[in-house]
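The data block below is protein.tsv; it holds TSV, C-alpha atoms.
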```
chain	number	residue	atom	x	y	z
S	16	MET	CA	151.34	84.27	112.68
S	17	ARG	CA	151.20	82.90	109.12
S	18	GLY	CA	147.83	84.64	108.59
S	19	LEU	CA	149.18	88.07	109.53
S	20	PRO	CA	150.60	88.95	106.07
S	21	GLY	CA	147.17	88.21	104.56
S	22	ALA	CA	145.54	90.47	107.13
S	23	VAL	CA	148.03	93.21	106.30
S	24	ILE	CA	147.19	92.91	102.60
S	25	VAL	CA	143.46	93.10	103.31
S	26	LEU	CA	143.93	96.08	105.64
S	27	ALA	CA	146.11	97.88	103.10
S	28	ALA	CA	143.45	97.38	100.42
S	29	LEU	CA	140.70	98.55	102.77
S	30	SER	CA	142.74	101.59	103.79
S	31	ALA	CA	143.54	102.50	100.18
S	32	ALA	CA	139.85	102.28	99.35
S	33	GLY	CA	139.02	104.54	102.29
S	34	CYS	CA	137.07	101.80	104.03
S	35	LEU	CA	138.71	102.09	107.44
S	36	GLY	CA	137.06	104.71	109.59
S	37	ASP	CA	136.75	105.63	113.24
S	38	SER	CA	134.74	103.44	115.58
S	39	GLN	CA	131.18	104.69	116.02
S	40	SER	CA	130.51	102.75	119.21
S	41	ASP	CA	131.53	103.22	122.84
S	42	THR	CA	131.05	99.50	123.46
S	43	PRO	CA	134.41	97.72	123.45
S	44	ARG	CA	134.50	95.39	120.47
S	45	PRO	CA	137.23	93.61	118.61
S	46	SER	CA	138.91	95.84	116.06
S	47	VAL	CA	138.49	95.10	112.37
S	48	GLU	CA	142.11	93.98	112.36
S	49	GLU	CA	141.37	91.47	115.14
S	50	LEU	CA	138.27	90.24	113.32
S	51	ILE	CA	140.24	89.70	110.11
S	52	GLU	CA	142.90	87.78	112.02
S	53	ARG	CA	140.21	85.63	113.67
S	54	ALA	CA	138.50	85.08	110.31
S	55	GLU	CA	141.81	83.93	108.83
S	56	GLY	CA	142.02	81.47	111.71
S	57	GLY	CA	138.69	79.95	110.69
S	58	ASP	CA	136.32	81.87	112.99
S	59	ALA	CA	132.99	82.00	111.10
S	60	GLN	CA	131.49	84.38	113.68
S	61	ALA	CA	134.27	86.85	112.85
S	62	LEU	CA	133.28	86.62	109.17
S	63	PHE	CA	129.68	87.41	110.11
S	64	GLU	CA	130.74	90.33	112.32
S	65	LEU	CA	132.89	91.72	109.50
S	66	GLY	CA	129.78	91.63	107.31
S	67	ASN	CA	127.84	93.54	109.94
S	68	ARG	CA	130.60	96.09	110.38
S	69	HIS	CA	130.76	96.83	106.64
S	70	ALA	CA	126.98	96.81	106.20
S	71	ASP	CA	126.51	99.28	109.06
S	72	GLY	CA	129.67	101.35	108.66
S	73	ASP	CA	130.66	100.39	112.21
S	74	GLY	CA	134.38	101.06	112.58
S	75	VAL	CA	134.81	101.06	108.80
S	76	ALA	CA	133.30	102.94	105.90
S	77	ARG	CA	129.98	101.43	104.83
S	78	ASP	CA	130.67	99.07	101.92
S	79	ASN	CA	127.95	96.78	100.61
S	80	VAL	CA	130.37	94.85	98.38
S	81	LEU	CA	132.59	93.86	101.29
S	82	ALA	CA	129.58	93.24	103.53
S	83	TYR	CA	128.06	90.93	100.91
S	84	MET	CA	131.41	89.10	100.59
S	85	TRP	CA	131.84	88.61	104.36
S	86	PHE	CA	128.23	87.44	104.82
S	87	GLY	CA	128.63	84.95	101.96
S	88	LEU	CA	131.82	83.54	103.46
S	89	ALA	CA	130.15	83.32	106.87
S	90	ALA	CA	127.10	81.54	105.43
S	91	GLU	CA	129.33	78.79	104.05
S	92	ARG	CA	130.95	78.12	107.42
S	93	LEU	CA	128.24	78.72	110.03
S	94	THR	CA	125.69	76.23	111.34
S	95	THR	CA	122.43	75.93	109.42
S	96	GLU	CA	120.45	78.54	111.37
S	97	GLU	CA	123.33	81.01	111.55
S	98	GLY	CA	124.12	80.38	107.88
S	99	TYR	CA	120.53	81.26	106.98
S	100	GLU	CA	120.91	84.50	108.92
S	101	ALA	CA	124.05	85.37	106.95
S	102	ARG	CA	122.17	84.71	103.69
S	103	ARG	CA	119.29	86.88	104.94
S	104	MET	CA	121.78	89.66	105.56
S	105	GLN	CA	122.98	89.32	101.97
S	106	LEU	CA	119.39	89.52	100.74
S	107	ARG	CA	118.93	92.67	102.81
S	108	LEU	CA	121.82	94.25	100.89
S	109	ASP	CA	120.64	93.01	97.47
S	110	PRO	CA	118.15	95.82	96.66
S	111	ASP	CA	120.85	98.46	97.22
S	112	MET	CA	123.37	96.77	94.94
S	113	PHE	CA	123.93	96.56	91.20
S	114	ARG	CA	124.66	93.18	89.61
S	115	HIS	CA	128.31	94.13	88.98
S	116	GLN	CA	128.73	94.85	92.70
S	117	ILE	CA	127.41	91.41	93.63
S	118	THR	CA	129.71	89.87	91.01
S	119	GLU	CA	132.64	91.77	92.54
S	120	ALA	CA	131.72	90.55	96.04
S	121	GLU	CA	131.62	86.97	94.76
S	122	ARG	CA	135.00	87.44	93.04
S	123	LEU	CA	136.54	88.79	96.26
S	124	ALA	CA	135.10	85.82	98.17
S	125	ARG	CA	136.75	83.40	95.72
S	126	ILE	CA	140.09	85.17	96.24
S	127	TRP	CA	139.65	84.99	100.02
S	128	LYS	CA	138.85	81.27	99.86
S	129	ALA	CA	141.87	80.58	97.63
S	130	ARG	CA	144.16	82.39	100.06
S	131	GLN	CA	142.62	80.50	102.99
S	132	ALA	CA	143.15	77.17	101.21
S	133	ALA	CA	146.79	78.10	100.58
S	134	ARG	CA	147.24	79.02	104.27
S	135	GLU	CA	145.72	75.72	105.35
S	136	ARG	CA	148.05	73.80	103.02
S	137	ASP	CA	151.02	75.68	104.50
S	138	VAL	CA	149.90	74.75	108.02
S	139	GLU	CA	149.47	71.09	107.05
S	140	ARG	CA	153.01	70.98	105.62
S	141	ARG	CA	154.53	72.04	108.94
```
Could you spell out this file's structure in structure tokens?
Amino acid sequence: MRGLPGAVIVLAALSAAGCLGDSQSDTPRPSVEELIERAEGGDAQALFELGNRHADGDGVARDNVLAYMWFGLAAERLTTEEGYEARRMQLRLDPDMFRHQITEAERLARIWKARQAARERDVERR
């Protein structure tokens, strides 16, 4: 449950930015909250799915910055082939983004990684 406060912070930020919307699919899928919790637990597939959700506006408001961030994080953690797919997804977003948006996505990814490293250190200390 150590990752839950981080998930709450991310969800609060997403909500404040108006990024959380209604689900657009009848197919049962994990909620964004569940995906964030799984991602905080090290699930690279959850990172990739969060990228898809934000790129498509599936269950959240469409947000290329967050999609780019999630795909980048996924690419670093997935196997070679899956990692290439995550990078391809980033490239698909590239033409629709300004440089400052890509820079912001990269900044958010650095913050995410720093928080993850802190969580992992906390777990190791226990």
Name the residues in contact with stretch 79-85 of chain S at a cut-off of 8 Å, using all atoms listed in the file, excluding same-chain residues fewer than 2 positions from it; report them as a PDB file with C-alpha atoms, keeping the file's coordinate frame.
```
ATOM      1  CA  LEU S  62     133.280  86.620 109.170  1.00  0.00           C
ATOM      2  CA  PHE S  63     129.680  87.410 110.110  1.00  0.00           C
ATOM      3  CA  LEU S  65     132.890  91.720 109.500  1.00  0.00           C
ATOM      4  CA  GLY S  66     129.780  91.630 107.310  1.00  0.00           C
ATOM      5  CA  ASN S  67     127.840  93.540 109.940  1.00  0.00           C
ATOM      6  CA  ARG S  68     130.600  96.090 110.380  1.00  0.00           C
ATOM      7  CA  HIS S  69     130.760  96.830 106.640  1.00  0.00           C
ATOM      8  CA  ALA S  70     126.980  96.810 106.200  1.00  0.00           C
ATOM      9  CA  ARG S  77     129.980 101.430 104.830  1.00  0.00           C
ATOM     10  CA  GLY S  87     128.630  84.950 101.960  1.00  0.00           C
ATOM     11  CA  LEU S  88     131.820  83.540 103.460  1.00  0.00           C
ATOM     12  CA  ALA S  89     130.150  83.320 106.870  1.00  0.00           C
ATOM     13  CA  MET S 104     121.780  89.660 105.560  1.00  0.00           C
ATOM     14  CA  GLN S 105     122.980  89.320 101.970  1.00  0.00           C
ATOM     15  CA  LEU S 108     121.820  94.250 100.890  1.00  0.00           C
ATOM     16  CA  MET S 112     123.370  96.770  94.940  1.00  0.00           C
ATOM     17  CA  GLN S 116     128.730  94.850  92.700  1.00  0.00           C
ATOM     18  CA  ILE S 117     127.410  91.410  93.630  1.00  0.00           C
ATOM     19  CA  GLU S 119     132.640  91.770  92.540  1.00  0.00           C
ATOM     20  CA  ALA S 120     131.720  90.550  96.040  1.00  0.00           C
ATOM     21  CA  GLU S 121     131.620  86.970  94.760  1.00  0.00           C
ATOM     22  CA  LEU S 123     136.540  88.790  96.260  1.00  0.00           C
ATOM     23  CA  ALA S 124     135.100  85.820  98.170  1.00  0.00           C
TER      24      ALA S 124
END
```
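Distance annotation: of S:Ala59, S:Ala132, S:Ala101, S:Val47, the residue with the minimal separation from S:Val75 is S:Val47; atom set is all atoms listed in the file.
Atom CA of S:Thr95 lies 20.9 Å from atom CA of S:Asp109.
Coordinates place atom CA of S:Arg44 at a distance of 14.1 Å from atom CA of S:Gly72.
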Set up a box along x, y and z of the file covering all listed atoms of stretch 67-86 of chain S, add 8 Å on every one of the six sides, and write the centre and edge lengths in Å to one decimal, as JSON.
```
{"center_x": 130.7, "center_y": 95.2, "center_z": 105.5, "size_x": 24.3, "size_y": 31.5, "size_z": 30.2}
```
Q: Go ahead and compute the interatomic distance for atom CA of S:Arg114 and atom CA of S:Ile126, in Å to one decimal.
A: 18.6 Å
